[in-house]
>>> print(open('entry-v9.cif').read())   # mmCIF, C-alpha atoms and all ligand atoms
data_upload
#
loop_
_atom_site.label_atom_id
_atom_site.label_comp_id
_atom_site.auth_asym_id
_atom_site.auth_seq_id
_atom_site.Cartn_x
_atom_site.Cartn_y
_atom_site.Cartn_z
CA MET A 1 26.84 28.71 31.99
CA ALA A 2 24.77 26.15 33.86
CA GLU A 3 25.61 22.47 33.51
CA THR A 4 24.12 20.85 30.40
CA LEU A 5 23.24 17.21 29.79
CA GLY A 6 25.51 17.15 26.74
CA ARG A 7 23.91 13.95 25.40
CA LEU A 8 20.28 13.27 24.59
CA ARG A 9 18.16 10.20 23.86
CA THR A 10 16.99 10.50 20.25
CA ALA A 11 15.17 8.27 17.77
CA LEU A 12 18.59 7.46 16.29
CA GLY A 13 20.08 6.52 19.67
CA ASP A 14 22.03 8.53 22.25
CA ARG A 15 23.58 11.56 20.59
CA GLY A 16 25.57 14.66 21.58
CA ASP A 17 23.60 17.93 21.56
CA TYR A 18 25.05 19.01 18.23
CA ASP A 19 24.19 15.77 16.46
CA ALA A 20 20.70 15.85 17.97
CA ALA A 21 20.17 19.39 16.66
CA ALA A 22 21.62 18.44 13.28
CA GLN A 23 18.93 15.76 12.89
CA CYS A 24 16.60 18.62 11.90
CA SER A 25 16.45 18.73 8.09
CA ARG A 26 14.60 22.09 8.25
CA CYS A 27 11.66 20.65 6.31
CA GLY A 28 9.17 22.79 8.25
CA TYR A 29 6.64 19.99 8.56
CA CYS A 30 6.28 20.70 12.30
CA GLU A 31 5.57 24.41 12.04
CA GLN A 32 1.77 24.31 12.13
CA ALA A 33 1.83 21.92 15.10
CA CYS A 34 3.74 24.46 17.20
CA PRO A 35 1.43 26.66 19.33
CA THR A 36 3.94 29.50 19.66
CA TYR A 37 4.59 29.60 15.91
CA VAL A 38 0.86 29.56 15.19
CA ALA A 39 0.30 32.36 17.73
CA THR A 40 3.19 34.58 16.60
CA GLY A 41 4.02 33.55 13.03
CA ARG A 42 7.70 34.03 13.89
CA GLU A 43 10.27 31.57 12.56
CA ALA A 44 12.42 32.02 15.67
CA GLN A 45 9.47 30.76 17.74
CA SER A 46 9.03 27.62 15.67
CA PRO A 47 10.62 24.19 16.30
CA ARG A 48 12.83 24.53 13.23
CA GLY A 49 13.96 27.98 14.36
CA ARG A 50 14.75 26.77 17.85
CA ALA A 51 16.72 23.74 16.66
CA GLN A 52 18.68 26.05 14.37
CA ILE A 53 19.43 28.48 17.21
CA VAL A 54 20.83 25.69 19.39
CA ARG A 55 22.92 24.47 16.47
CA LEU A 56 24.36 27.96 15.95
CA MET A 57 25.12 28.23 19.66
CA LEU A 58 27.04 24.97 19.56
CA GLU A 59 28.93 26.12 16.46
CA GLY A 60 29.85 29.35 18.27
CA LYS A 61 28.06 31.41 15.61
CA LEU A 62 25.27 32.93 17.68
CA ASP A 63 25.24 36.68 17.07
CA ASP A 64 22.14 37.72 19.04
CA PRO A 65 21.96 36.06 22.48
CA ALA A 66 18.95 38.17 23.52
CA ALA A 67 16.89 36.96 20.54
CA ALA A 68 18.00 33.38 21.23
CA GLU A 69 16.97 33.74 24.88
CA GLU A 70 13.52 34.92 23.84
CA ALA A 71 13.10 32.13 21.27
CA LEU A 72 14.15 29.38 23.69
CA SER A 73 12.37 30.72 26.76
CA THR A 74 9.07 30.89 24.86
CA CYS A 75 9.17 27.18 23.96
CA LEU A 76 6.33 25.48 25.85
CA LEU A 77 8.28 22.19 25.89
CA CYS A 78 4.99 20.66 24.75
CA GLY A 79 6.61 18.22 22.30
CA ALA A 80 3.92 18.63 19.63
CA CYS A 81 6.71 19.19 17.11
CA GLN A 82 8.41 15.95 18.09
CA THR A 83 5.19 13.99 17.68
CA VAL A 84 4.73 15.10 14.06
CA CYS A 85 8.42 15.22 13.07
CA TYR A 86 9.43 12.18 10.98
CA ALA A 87 12.92 12.29 12.53
CA LYS A 88 11.59 12.87 16.07
CA VAL A 89 14.04 15.75 16.59
CA PRO A 90 14.03 16.34 20.38
CA VAL A 91 13.31 20.08 20.21
CA PRO A 92 12.06 20.41 23.83
CA ASP A 93 15.29 18.87 25.18
CA LEU A 94 17.33 21.02 22.80
CA ALA A 95 15.49 24.14 23.97
CA LEU A 96 16.30 23.21 27.59
CA GLU A 97 19.95 22.63 26.72
CA GLY A 98 20.02 26.01 24.97
CA ARG A 99 18.50 27.72 28.00
CA ARG A 100 21.11 26.13 30.25
CA MET A 101 23.89 27.36 27.95
CA LEU A 102 22.52 30.90 27.93
CA ARG A 103 21.26 31.44 31.42
CA GLY A 104 24.02 30.70 33.85
CA LYS A 105 22.92 30.06 37.42
CA PRO A 106 19.19 29.70 38.06
CA HIS A 107 17.23 32.22 40.10
CA TRP A 108 17.97 32.01 43.84
CA LEU A 109 14.33 31.14 44.51
CA VAL A 110 14.49 28.07 42.25
CA ARG A 111 17.75 27.06 43.95
CA ARG A 112 16.19 27.49 47.40
CA ALA A 113 13.03 25.54 46.48
CA SER A 114 15.14 22.84 44.90
CA ARG A 115 17.33 22.50 48.02
CA LEU A 116 14.29 22.42 50.30
CA LEU A 117 12.69 19.67 48.18
CA ILE A 118 15.85 17.61 48.66
CA GLU A 119 16.85 18.44 52.21
CA ASP A 120 13.69 19.37 54.06
CA PRO A 121 10.41 18.76 52.22
CA ARG A 122 8.50 18.93 55.52
CA ARG A 123 9.66 22.51 56.05
CA LEU A 124 8.57 23.35 52.51
CA ALA A 125 5.16 21.85 53.27
CA ALA A 126 4.95 23.99 56.43
CA PHE A 127 5.76 27.13 54.40
CA LEU A 128 3.05 26.18 51.92
CA LYS A 129 0.47 25.76 54.66
CA ILE A 130 1.29 29.21 56.04
CA GLY A 131 1.02 30.68 52.53
CA TYR A 132 -2.33 28.94 51.93
CA PHE A 133 -3.59 30.23 55.28
CA PHE A 134 -2.87 33.82 54.28
CA LYS A 135 -4.33 33.20 50.85
CA ARG A 136 -7.58 31.96 52.35
CA LEU A 137 -7.70 35.12 54.46
CA GLY A 138 -7.39 37.12 51.27
CA LEU A 139 -4.11 38.66 52.41
CA SER A 140 -1.99 37.27 49.62
CA TRP A 141 -3.66 39.65 47.19
CA LEU A 142 -2.07 42.47 49.13
CA SER A 143 1.33 40.90 48.70
CA ALA A 144 1.32 40.99 44.88
CA PRO A 145 2.50 44.62 44.59
CA LEU A 146 5.18 43.94 47.21
CA LEU A 147 6.39 40.88 45.33
CA ARG A 148 6.59 42.93 42.14
CA LEU A 149 8.49 45.70 43.93
CA ALA A 150 10.87 43.06 45.29
CA GLY A 151 11.68 41.96 41.74
CA LEU A 152 9.66 38.73 41.99
CA PRO A 153 6.90 39.34 39.42
CA VAL A 154 6.64 35.62 38.62
CA LEU A 155 5.61 34.86 42.22
CA ALA A 156 3.05 37.68 42.15
CA SER A 157 1.64 36.33 38.91
CA MET A 158 1.52 32.77 40.28
CA ASP A 159 -0.41 33.98 43.28
CA GLU A 160 -2.98 35.67 41.05
CA HIS A 161 -3.36 32.67 38.72
CA VAL A 162 -3.68 29.93 41.32
CA ARG A 163 -6.89 29.94 43.32
CA GLU A 164 -6.29 26.73 45.27
CA ALA A 165 -5.37 27.08 48.94
CA PRO A 166 -6.07 23.69 50.54
CA ARG A 167 -6.39 23.42 54.33
CA ARG A 168 -4.78 19.98 54.36
CA LEU A 169 -2.08 18.53 52.12
CA LEU A 170 -2.20 14.97 50.80
CA ASP A 171 0.24 13.82 53.49
CA ASP A 172 -2.40 14.84 56.06
CA GLU A 173 -4.98 12.68 54.27
CA LEU A 174 -2.77 9.62 53.87
CA PRO A 175 -3.33 8.05 57.33
CA ALA A 176 -7.08 7.81 56.62
CA LEU A 177 -6.49 6.47 53.11
CA ARG A 178 -4.00 3.90 54.39
CA ALA A 179 -6.31 2.83 57.22
CA ALA A 180 -8.64 1.26 54.66
CA GLY A 181 -5.91 -1.31 53.98
CA GLU A 182 -2.63 -1.47 52.07
CA GLY A 183 -1.30 -4.10 49.69
CA ASP A 184 1.14 -4.79 46.88
CA ALA A 185 -0.99 -4.21 43.79
CA TRP A 186 0.57 -0.81 43.02
CA LEU A 187 2.85 1.89 44.41
CA TYR A 188 1.49 5.40 44.42
CA PHE A 189 4.06 7.99 43.31
CA ALA A 190 2.65 11.28 44.63
CA PRO A 191 3.80 14.17 42.42
CA CYS A 192 4.14 17.59 44.09
CA GLY A 193 0.93 18.96 42.48
CA PRO A 194 -1.50 16.35 43.84
CA ARG A 195 0.53 16.18 47.03
CA SER A 196 0.74 19.87 47.89
CA LEU A 197 -1.74 21.83 45.77
CA PHE A 198 -4.51 19.43 44.71
CA PRO A 199 -4.74 16.84 47.51
CA ARG A 200 -8.26 16.06 46.30
CA VAL A 201 -6.63 14.63 43.14
CA GLY A 202 -4.20 12.43 45.07
CA ALA A 203 -7.01 11.12 47.30
CA ALA A 204 -9.17 10.39 44.22
CA THR A 205 -6.29 8.51 42.57
CA TRP A 206 -5.82 6.39 45.69
CA ARG A 207 -9.53 5.53 45.87
CA ALA A 208 -9.76 4.77 42.15
CA LEU A 209 -6.63 2.58 42.12
CA THR A 210 -7.87 0.67 45.16
CA ALA A 211 -11.27 0.08 43.54
CA LEU A 212 -9.77 -0.99 40.21
CA ARG A 213 -6.66 -2.90 41.20
CA GLY A 214 -7.04 -3.76 44.89
CA PRO A 215 -4.98 -2.30 47.75
CA GLY A 216 -1.61 -0.71 47.04
CA ARG A 217 0.93 1.35 48.91
CA PHE A 218 2.43 4.84 49.06
CA LEU A 219 5.96 4.96 47.66
CA ASP A 220 6.89 7.83 50.00
CA ASN A 221 8.65 9.37 47.03
CA ALA A 222 10.63 12.57 46.76
CA CYS A 223 9.83 15.28 44.19
CA CYS A 224 10.49 13.86 40.71
CA GLY A 225 13.10 16.59 40.04
CA LEU A 226 11.39 18.15 37.02
CA LEU A 227 11.59 21.68 38.46
CA ALA A 228 15.33 21.32 39.09
CA HIS A 229 15.87 19.71 35.66
CA ASN A 230 13.99 22.39 33.72
CA TYR A 231 15.35 25.36 35.63
CA GLY A 232 19.02 24.53 35.55
CA GLU A 233 19.90 22.41 38.62
CA LEU A 234 20.77 19.11 36.99
CA GLU A 235 22.71 17.71 39.92
CA ASP A 236 19.73 18.33 42.21
CA ALA A 237 17.50 16.57 39.67
CA ARG A 238 19.86 13.57 39.68
CA THR A 239 19.89 13.49 43.48
CA LEU A 240 16.08 13.34 43.54
CA ALA A 241 16.05 10.72 40.78
CA ARG A 242 18.50 8.48 42.66
CA ARG A 243 16.38 8.81 45.81
CA ASN A 244 13.20 7.78 43.98
CA ILE A 245 14.91 4.88 42.24
CA GLU A 246 16.26 3.60 45.57
CA ARG A 247 12.85 3.86 47.23
CA ALA A 248 11.13 2.04 44.37
CA GLU A 249 13.76 -0.72 44.46
CA ALA A 250 13.25 -1.12 48.20
CA ALA A 251 9.46 -1.21 47.81
CA GLY A 252 9.29 -4.34 45.65
CA GLU A 253 8.31 -4.96 42.05
CA ALA A 254 4.92 -3.28 41.66
CA GLU A 255 4.26 -0.58 39.07
CA ALA A 256 4.84 2.97 40.30
CA VAL A 257 1.73 4.92 39.31
CA GLY A 258 1.70 8.73 39.25
CA ASP A 259 -1.10 11.21 38.60
CA CYS A 260 0.59 14.26 37.10
CA SER A 261 1.45 13.48 33.49
CA SER A 262 4.29 16.02 33.41
CA CYS A 263 6.03 14.36 36.33
CA VAL A 264 5.33 10.85 35.09
CA ALA A 265 6.73 11.66 31.64
CA PHE A 266 9.84 12.98 33.35
CA LEU A 267 10.20 9.84 35.50
CA LYS A 268 10.20 7.84 32.27
CA THR A 269 13.12 9.92 30.98
CA TYR A 270 15.34 9.48 34.06
CA PRO A 271 17.90 7.44 32.06
CA GLN A 272 18.69 10.52 29.94
CA MET A 273 20.22 12.20 33.00
CA PHE A 274 22.71 9.31 33.32
CA LEU A 275 24.17 9.04 29.83
CA GLY A 276 27.72 9.88 30.90
CA ASP A 277 30.30 7.07 30.88
CA ALA A 278 30.67 7.29 34.66
CA ASP A 279 26.91 6.84 35.16
CA ALA A 280 26.40 3.40 33.59
CA ALA A 281 25.25 1.74 36.83
CA TRP A 282 22.68 4.45 37.54
CA ARG A 283 21.60 4.44 33.90
CA GLU A 284 20.69 0.75 34.18
CA ARG A 285 18.82 1.31 37.45
CA ALA A 286 17.03 4.31 35.92
CA GLU A 287 15.99 2.19 32.94
CA ARG A 288 14.57 -0.54 35.19
CA PHE A 289 12.75 2.13 37.21
CA ALA A 290 11.37 3.90 34.11
CA ALA A 291 9.97 0.59 32.84
CA ARG A 292 7.92 0.28 36.06
CA VAL A 293 6.45 3.80 35.89
CA LYS A 294 2.86 4.21 34.75
CA ASP A 295 0.72 7.27 34.23
CA VAL A 296 -2.57 6.76 36.05
CA VAL A 297 -4.38 7.44 32.75
CA GLU A 298 -2.81 4.21 31.42
CA VAL A 299 -4.35 2.29 34.30
CA TYR A 300 -7.76 3.85 33.69
CA GLY A 301 -7.48 3.13 29.96
CA SER A 302 -6.76 -0.54 30.62
CA CYS A 303 -9.76 -0.77 32.99
CA ALA A 304 -12.14 1.34 30.89
CA ALA A 305 -14.41 -1.56 29.92
CA GLY A 306 -15.33 -2.06 33.58
CA LEU A 307 -15.84 1.59 34.50
CA PRO A 308 -19.34 2.71 35.47
CA ALA A 309 -20.66 6.07 34.29
CA ALA A 310 -20.60 9.00 36.69
CA ALA A 311 -23.72 11.03 37.31
CA SER A 312 -23.21 13.71 34.70
CA ALA A 313 -24.29 17.31 34.47
CA GLY A 314 -23.81 18.15 30.80
CA THR A 315 -21.20 17.59 28.16
CA VAL A 316 -17.86 16.11 29.23
CA SER A 317 -14.68 16.47 27.21
CA TYR A 318 -10.95 15.79 27.52
CA HIS A 319 -7.91 18.04 27.14
CA ASP A 320 -4.62 16.27 26.41
CA SER A 321 -1.79 17.06 28.77
CA CYS A 322 1.16 17.58 26.40
CA ARG A 323 3.32 15.35 28.54
CA ALA A 324 0.76 12.54 28.42
CA LEU A 325 0.22 12.84 24.67
CA ASN A 326 3.56 13.94 23.28
CA GLY A 327 5.76 12.87 26.17
CA GLN A 328 4.27 9.38 26.58
CA GLY A 329 2.15 8.76 23.47
CA LEU A 330 -1.06 8.41 25.53
CA ARG A 331 -3.88 9.50 23.24
CA ASP A 332 -6.41 6.63 23.37
CA GLU A 333 -5.99 5.44 26.97
CA PRO A 334 -7.38 8.51 28.76
CA ARG A 335 -10.15 8.91 26.16
CA ARG A 336 -11.32 5.33 26.64
CA ALA A 337 -11.67 5.99 30.36
CA ALA A 338 -13.23 9.45 29.95
CA ARG A 339 -15.80 8.11 27.47
CA ALA A 340 -16.72 5.22 29.75
CA ALA A 341 -17.04 7.39 32.87
CA ALA A 342 -18.99 10.08 30.99
CA GLY A 343 -21.55 7.63 29.63
CA GLY A 344 -23.12 9.14 26.53
CA THR A 345 -22.16 12.71 27.42
CA PHE A 346 -18.59 12.67 26.09
CA VAL A 347 -17.85 14.96 23.14
CA GLU A 348 -14.39 15.47 21.65
CA MET A 349 -13.46 19.14 21.59
CA PRO A 350 -11.62 20.84 18.72
CA ASP A 351 -7.86 21.08 19.21
CA ALA A 352 -8.02 18.96 22.37
CA ASP A 353 -4.41 17.94 21.66
CA VAL A 354 -3.05 21.51 21.49
CA CYS A 355 -1.16 22.86 24.51
CA CYS A 356 -3.22 25.08 26.87
CA GLY A 357 -0.27 27.44 27.43
CA GLY A 358 0.28 26.37 31.05
CA ALA A 359 3.61 24.58 30.64
CA GLY A 360 4.88 24.81 34.22
CA ALA A 361 5.87 28.39 34.96
CA PHE A 362 5.37 29.52 31.36
CA ALA A 363 1.92 30.95 32.17
CA PHE A 364 3.53 33.18 34.80
CA THR A 365 6.66 34.15 32.89
CA HIS A 366 5.04 34.79 29.48
CA GLU A 367 1.55 35.90 30.41
CA GLU A 368 0.56 37.49 27.10
CA LEU A 369 1.56 34.59 24.84
CA SER A 370 0.18 32.05 27.31
CA ASP A 371 -3.13 33.90 27.41
CA GLU A 372 -3.40 33.97 23.63
CA ILE A 373 -2.97 30.16 23.55
CA LEU A 374 -5.38 29.74 26.48
CA ARG A 375 -8.10 31.82 24.80
CA ARG A 376 -8.06 29.45 21.80
CA LYS A 377 -8.25 26.46 24.12
CA ALA A 378 -11.28 27.90 25.94
CA GLY A 379 -12.85 28.54 22.52
CA GLY A 380 -12.70 24.80 21.78
CA ALA A 381 -14.63 24.05 25.00
CA VAL A 382 -17.19 26.76 24.20
CA SER A 383 -17.77 25.36 20.71
CA ILE A 384 -19.07 22.03 22.07
CA GLY A 385 -20.80 23.48 25.14
CA ALA A 386 -18.55 21.51 27.52
CA ARG A 387 -19.47 21.66 31.19
CA THR A 388 -16.65 19.44 32.46
CA VAL A 389 -13.21 19.18 30.89
CA LEU A 390 -10.96 16.39 32.11
CA THR A 391 -7.17 16.39 32.03
CA SER A 392 -4.19 14.77 33.75
CA SER A 393 -1.49 17.23 34.77
CA THR A 394 -1.18 19.87 37.46
CA SER A 395 -0.16 22.63 35.08
CA CYS A 396 -3.24 22.01 32.88
CA LEU A 397 -5.51 22.02 35.94
CA ILE A 398 -4.21 25.44 36.98
CA GLN A 399 -4.24 26.91 33.49
CA LEU A 400 -7.66 25.60 32.41
CA ALA A 401 -9.25 26.71 35.69
CA ARG A 402 -7.91 30.20 35.01
CA GLY A 403 -9.02 30.10 31.37
CA PHE A 404 -12.55 29.01 32.22
CA ARG A 405 -12.87 31.65 34.96
CA LYS A 406 -11.86 34.27 32.43
CA TYR A 407 -13.41 33.10 29.14
CA TYR A 408 -16.00 30.41 29.88
CA PRO A 409 -17.31 30.31 33.48
CA ASP A 410 -19.88 27.63 32.56
CA ALA A 411 -17.15 24.99 32.45
CA THR A 412 -15.00 23.44 35.15
CA VAL A 413 -11.84 21.36 34.90
CA LEU A 414 -11.22 18.12 36.79
CA HIS A 415 -8.41 15.62 36.87
CA LEU A 416 -9.43 12.35 35.20
CA SER A 417 -8.84 10.66 38.58
CA GLU A 418 -11.50 12.80 40.20
CA TYR A 419 -14.03 11.88 37.55
CA VAL A 420 -13.20 8.16 37.56
CA ALA A 421 -13.28 8.07 41.39
CA ARG A 422 -16.64 9.83 41.34
CA ALA A 423 -18.00 7.18 38.97
CA LEU A 424 -16.60 4.35 41.12
CA ASP A 425 -17.82 5.96 44.35
CA GLY A 426 -21.31 6.14 42.79
CA ARG A 427 -21.22 2.43 42.00
CA ARG A 428 -20.18 1.56 45.55
CA GLY A 429 -22.90 3.81 46.95
CA ALA A 430 -25.55 2.27 44.68
S1 LIG A 501 11.98 19.50 13.74
FE1 LIG A 501 11.48 17.77 12.34
S2 LIG A 501 9.59 18.37 11.27
FE2 LIG A 501 10.48 20.22 12.21
S3 LIG A 501 11.75 21.17 10.61
FE3 LIG A 501 13.12 19.83 11.79
S4 LIG A 501 13.06 17.83 10.77
FE4 LIG A 501 11.33 19.02 9.95
S1 LIG A 502 8.00 21.96 22.14
FE1 LIG A 502 6.00 22.93 21.58
S2 LIG A 502 6.40 25.16 21.74
FE2 LIG A 502 8.42 24.14 21.72
S3 LIG A 502 9.04 24.15 19.56
FE3 LIG A 502 7.98 22.18 19.91
S4 LIG A 502 5.83 22.55 19.36
FE4 LIG A 502 6.80 24.56 19.59
#
>>> encode(input="entry-v9.cif", output="structure tokens")
Amino acid sequence: MAETLGRLRTALGDRGDYDAAAQCSRCGYCEQACPTYVATGREAQSPRGRAQIVRLMLEGKLDDPAAAEEALSTCLLCGACQTVCYAKVPVPDLALEGRRMLRGKPHWLVRRASRLLIEDPRRLAAFLKIGYFFKRLGLSWLSAPLLRLAGLPVLASMDEHVREAPRRLLDDELPALRAAGEGDAWLYFAPCGPRSLFPRVGAATWRALTALRGPGRFLDNACCGLLAHNYGELEDARTLARRNIERAEAAGEAEAVGDCSSCVAFLKTYPQMFLGDADAAWRERAERFAARVKDVVEVYGSCAAGLPAAASAGTVSYHDSCRALNGQGLRDEPRRAARAAAGGTFVEMPDADVCCGGAGAFAFTHEELSDEILRRKAGGAVSIGARTVLTSSTSCLIQLARGFRKYYPDATVLHLSEYVARALDGRRGA
């Protein structure tokens, strides 16, 4: 069994896993908010079912570990259930705890990536650049059958889903961005997505923050640790968290602003990893750090009144990242900014707040279920004739790009930063 957290932050205070699971009264109010329950109609794939499974595990009464594994591994960790639940039962955290109890050691590839992120992120970046080079040559398509034969179907699937293969990573762009001047107005926390897969997003965030708040600085952060946390390497996640807390403390008092809502939501939950009695000092530091963390969509929301409209080609809409909406309660902030930057072309799409089925590696590990959820999401964009859909997390960018290629090629997906920066760039160029 992998290490578990053992204690969770709940609406009733810090509780042991069992007490957190027992907060579920089994009312069923959350069922229709759960994308996997709506898609499958199966009680085991509902929030209530998952909370019950974890409770049975903790009582030592689980009689079908394989069924429990399926129920917990298919949870998107979207948190939609928690948003509607009157008791705020932390089902996503319970599902993760259940996975840790069932799974034992994580896959060697996750362990290797996790160690590289801690010990040698530059080497990891070099590997990525080599991989992107082969992808641009079209050679990675040849590797998919080999990866499947080697027992790594998730990597093969990732390669097919992700079209991005940037020539330069964000770290290569930073010298030019910094040359325009640095200051103390903000600290940029560069999540791994904008840093290593979508450098255009990180560069747009930097330009937009500079235009809206004045010059800031790069935090030179480590990975937030979400991958390690969600895939069973809690001590690695704590190591990364401590590193980021130390760097933020050394960098002054400014807000730490990140532009992947999944990572930012996780940064805000750092204290939960330090609930043990021996961790009180780090818990306090994690709480001070979490209070300084901001999702970039919060910044845009607070500046929306001053945003110019971007030159628009058709209807613009917004898809909620689950970790912005359910993880951080950010529903109005990104919409205020999207509406302002879209001028009169913004239209709300049906079910904008429903998960797209991306959910980190979920789209690669549960392709069929993910695709069913994605098809519904694309249908919402089709119904309003959207040409541009904005969002705020890396996983949504990957998943929506795939969904639009497959079901609605008329639409494209952009990070909100890209759209806001485009609007601000237009004003400067005017
Ligand atoms: S998770 Fe909340 S809403 Fe869902 S069944 Fe339990 S108590 Fe009811
Ligand atoms: S986190 Fe999402 S997928 Fe998981 S039980 Fe809750 S609503 Fe369903």
>>> residues_around(input="entry-v9.cif", residues="A:Pro47", least_positions_apart="5", cutoff="12 Å", atoms="all atoms listed in the file", output="PyMOL selection string")
chain A and resi 21+24-38+41-42+52-54+71-72+74-85+88-95
>>> axis_aligned_box(input="entry-v9.cif", around="ligand LIG 501 (chain A)", padding_each_side="8 Å", output="JSON")
{"center_x": 11.4, "center_y": 19.5, "center_z": 11.8, "size_x": 19.5, "size_y": 19.4, "size_z": 19.8}
>>> atom_distance(input="entry-v9.cif", atom1="atom S3 of ligand LIG 501 (chain A)", atom2="atom CA of A:Gly49")
8.1 Å
>>> residues_around(input="entry-v9.cif", residues="A:Ala401", least_positions_apart="3", cutoff="7 Å", atoms="all atoms listed in the file", output="mmCIF file with C-alpha atoms, keeping the file's coordinate frame")
data_model
loop_
_atom_site.group_PDB
_atom_site.id
_atom_site.type_symbol
_atom_site.label_atom_id
_atom_site.label_comp_id
_atom_site.auth_asym_id
_atom_site.auth_seq_id
_atom_site.Cartn_x
_atom_site.Cartn_y
_atom_site.Cartn_z
ATOM 1 C CA LEU A 397 -5.510 22.020 35.940
ATOM 2 C CA ILE A 398 -4.210 25.440 36.980
ATOM 3 C CA PHE A 404 -12.550 29.010 32.220
ATOM 4 C CA ARG A 405 -12.870 31.650 34.960
ATOM 5 C CA THR A 412 -15.000 23.440 35.150
ATOM 6 C CA VAL A 413 -11.840 21.360 34.900
#
>>> closest_residue(input="entry-v9.cif", among="A:Gly314, A:Gly131, A:Gly16, A:Gly403", to="A:Gly385", atoms="all atoms listed in the file")
A:Gly314
>>> build_atoms(input="entry-v9.cif", residues="stretch 262-277 of chain A", atoms="N, CA and C atoms", output="short mmCIF file (atom, residue, chain, number, x, y, z; two decimals), keeping the file's coordinate frame")
data_model
loop_
_atom_site.label_atom_id
_atom_site.label_comp_id
_atom_site.auth_asym_id
_atom_site.auth_seq_id
_atom_site.Cartn_x
_atom_site.Cartn_y
_atom_site.Cartn_z
N SER A 262 2.99 15.38 33.62
CA SER A 262 4.29 16.02 33.41
C SER A 262 5.36 15.31 34.21
N CYS A 263 5.05 15.03 35.48
CA CYS A 263 6.03 14.36 36.33
C CYS A 263 6.27 12.93 35.87
N VAL A 264 5.18 12.24 35.50
CA VAL A 264 5.33 10.85 35.09
C VAL A 264 6.18 10.76 33.82
N ALA A 265 5.93 11.67 32.87
CA ALA A 265 6.73 11.66 31.64
C ALA A 265 8.20 11.88 31.98
N PHE A 266 8.45 12.74 32.96
CA PHE A 266 9.84 12.98 33.35
C PHE A 266 10.46 11.75 34.01
N LEU A 267 9.69 11.07 34.86
CA LEU A 267 10.20 9.84 35.50
C LEU A 267 10.64 8.84 34.43
N LYS A 268 9.88 8.80 33.34
CA LYS A 268 10.20 7.84 32.27
C LYS A 268 11.47 8.24 31.51
N THR A 269 11.89 9.50 31.67
CA THR A 269 13.12 9.92 30.98
C THR A 269 14.33 9.98 31.92
N TYR A 270 14.19 9.46 33.14
CA TYR A 270 15.34 9.48 34.06
C TYR A 270 16.64 8.99 33.42
N PRO A 271 16.62 7.92 32.59
CA PRO A 271 17.90 7.44 32.06
C PRO A 271 18.68 8.51 31.32
N GLN A 272 17.98 9.49 30.71
CA GLN A 272 18.69 10.52 29.94
C GLN A 272 19.63 11.35 30.82
N MET A 273 19.34 11.42 32.11
CA MET A 273 20.22 12.20 33.00
C MET A 273 21.49 11.42 33.36
N PHE A 274 21.56 10.14 32.94
CA PHE A 274 22.71 9.31 33.32
C PHE A 274 23.39 8.72 32.09
N LEU A 275 23.57 9.55 31.07
CA LEU A 275 24.17 9.04 29.83
C LEU A 275 25.69 9.14 29.82
N GLY A 276 26.25 9.78 30.84
CA GLY A 276 27.72 9.88 30.90
C GLY A 276 28.36 8.52 31.16
N ASP A 277 29.62 8.36 30.72
CA ASP A 277 30.30 7.07 30.88
C ASP A 277 30.38 6.63 32.34
#
